[in-house]
Amino acid sequence: MDIPAHEPHADPREQARADRGRFFRALFASAVFVSALWWIELIGSWIGTGFGGLGVAPRTLSGLIGIFTSPLVHGSVGHLINNTLPLIVLGTLALAIYPRAFKPAMVLIWLGSGTGIWLFGQDHSVHIGASGLSHGLMFFLFVLGLLRRDRPGVAAAMIAFFLYGGMLLTVLPGDPKVSWEAHLFGALSGTLAAILLFRRDPAPPRKVYSWENEDETLEPVQDELAQRDRDTYEPAAPGNVPVLWQRPDPQQEPRGVVLPFRKPEP
């Protein structure tokens, strides 16, 4: 798995400050998006008509607009409350840990869930709500944690699954008033986004400990001391080694004596 490496910041404190800043910016962006959903719901309540016409009506020409607008409108305040916290938590995790992959992933989840509803949703029904986005983000974080297996990704996947692992069951038909198609195609879109974009963000910077820097600094000194010890305590290789024994010449000296053995007497 080829994930680009991240260059660690020279100052660990500055790196930690940058990470905190990215987290709070992600939290702010998620809160702004959810606040916009609440304003839309409040405006719909004030005018008394709502925005149900902006939902996805499967296989109708007028329902195509819902692919782009259905996550912005909800059927009731309770419906919006159910989606508020998941969008903030999952959106913050996804944007903070995967800032480069988040935007194309959100586009894919948004359009993929709406298109799936329009193609395969139940007839004579209008699908509204941002639950497709929350399901897509949960599956996006979970699958990315499995693919990348770095520390922040695994932590985000565990948090998402621990808090919202029940979304695995809501992708199947259940309550007729709940758009399980939005959940299913949001989950499929989030999984596809994770597979396509898991290389988009670099690997997190690895923490460099002080003793690692000390070893790198001491390496030249240790090499110099080792060379000096070798020069001091190890004798130099001799150039002329006297020969203490030579093999005798067989032509000048007999090679040996053959001793006869007597036959044993019967």
# chains A, B, ... in the order shown; residues from 1 in each chain; ligands from 1
$ select_by_dssp --residues "segment 18-140 of chain A" --states "alpha helix (DSSP H)" --output "ChimeraX atom specification"
/A:18-47,66-69,77-97,99-120,131-140
$ residues_around --residues "Val56 of chain A" --least-positions-apart "6" --cutoff "12 Å" --atoms "only C-alpha atoms" --output "PyMOL selection string"
chain A and resi 62-74+111+113-130+179+181-182
$ residues_around --residues "Leu90 of chain A" --least-positions-apart "5" --cutoff "7 Å" --atoms "only C-alpha atoms" --output "ChimeraX atom specification"
/A:137-138,160
$ write_last_selection --atoms "N, CA, C and O atoms" --output "PDB file, in the first residue's frame"
ATOM      1  N   LEU A 137     -20.341   8.935   5.885  1.00  0.00           N
ATOM      2  CA  LEU A 137     -19.153   9.332   6.642  1.00  0.00           C
ATOM      3  C   LEU A 137     -18.698   8.230   7.588  1.00  0.00           C
ATOM      4  O   LEU A 137     -17.492   7.995   7.760  1.00  0.00           O
ATOM      5  N   MET A 138     -19.665   7.537   8.220  1.00  0.00           N
ATOM      6  CA  MET A 138     -19.280   6.457   9.124  1.00  0.00           C
ATOM      7  C   MET A 138     -18.550   5.347   8.373  1.00  0.00           C
ATOM      8  O   MET A 138     -17.489   4.865   8.792  1.00  0.00           O
ATOM      9  N   ALA A 160     -15.774   5.986  15.407  1.00  0.00           N
ATOM     10  CA  ALA A 160     -16.976   5.979  14.565  1.00  0.00           C
ATOM     11  C   ALA A 160     -17.770   4.701  14.755  1.00  0.00           C
ATOM     12  O   ALA A 160     -19.010   4.728  14.867  1.00  0.00           O
TER      13      ALA A 160
END
$ closest_atom_pairs --of "segment 73-126 of chain A" --to "segment 18-32 of chain A" --cutoff "6 Å" --atoms "only C-alpha atoms" --output "JSON lines"
{"residue": "A:Ile88", "atom": "CA", "partner": "A:Ser30", "partner_atom": "CA", "distance": 5.2}
{"residue": "A:Gly91", "atom": "CA", "partner": "A:Ser30", "partner_atom": "CA", "distance": 5.7}
{"residue": "A:Thr92", "atom": "CA", "partner": "A:Leu27", "partner_atom": "CA", "distance": 4.9}
{"residue": "A:Leu95", "atom": "CA", "partner": "A:Ala26", "partner_atom": "CA", "distance": 5.4}
{"residue": "A:Ala96", "atom": "CA", "partner": "A:Phe23", "partner_atom": "CA", "distance": 4.9}
$ write_last_selection --atoms "all heavy atoms" --output "compact mmCIF listing (two decimals), in the first residue's frame"
# COMPACT_ATOMS: atom_id res chain seq x y z
N ILE A 88 -21.94 16.18 13.15
CA ILE A 88 -20.87 16.96 13.77
C ILE A 88 -19.69 16.05 14.12
O ILE A 88 -18.52 16.36 13.81
CB ILE A 88 -21.39 17.68 15.03
CG1 ILE A 88 -22.39 18.77 14.63
CG2 ILE A 88 -20.24 18.29 15.82
CD1 ILE A 88 -23.01 19.50 15.81
N GLY A 91 -18.30 14.26 10.80
CA GLY A 91 -17.74 15.27 9.91
C GLY A 91 -16.45 15.86 10.46
O GLY A 91 -15.49 16.10 9.71
N THR A 92 -16.39 16.08 11.77
CA THR A 92 -15.17 16.61 12.38
C THR A 92 -14.03 15.61 12.25
O THR A 92 -12.90 15.97 11.89
CB THR A 92 -15.42 16.94 13.85
OG1 THR A 92 -16.47 17.92 13.95
CG2 THR A 92 -14.17 17.49 14.51
N LEU A 95 -12.90 15.38 8.45
CA LEU A 95 -12.21 16.57 7.94
C LEU A 95 -10.88 16.80 8.64
O LEU A 95 -9.92 17.28 8.04
CB LEU A 95 -13.11 17.79 8.08
CG LEU A 95 -12.58 19.12 7.54
CD1 LEU A 95 -12.19 18.99 6.07
CD2 LEU A 95 -13.63 20.22 7.71
N ALA A 96 -10.79 16.47 9.94
CA ALA A 96 -9.56 16.70 10.68
C ALA A 96 -8.47 15.71 10.29
O ALA A 96 -7.30 16.08 10.19
CB ALA A 96 -9.83 16.62 12.18
$ closest_residue --among "A:Gln15, A:Arg59, A:Val77, A:Ala194" --to "Ser45 of chain A" --atoms "only C-alpha atoms"
A:Val77
$ atom_distance --atom1 "atom CA of Leu144 of chain A" --atom2 "atom CA of Gly166 of chain A"
18.2 Å
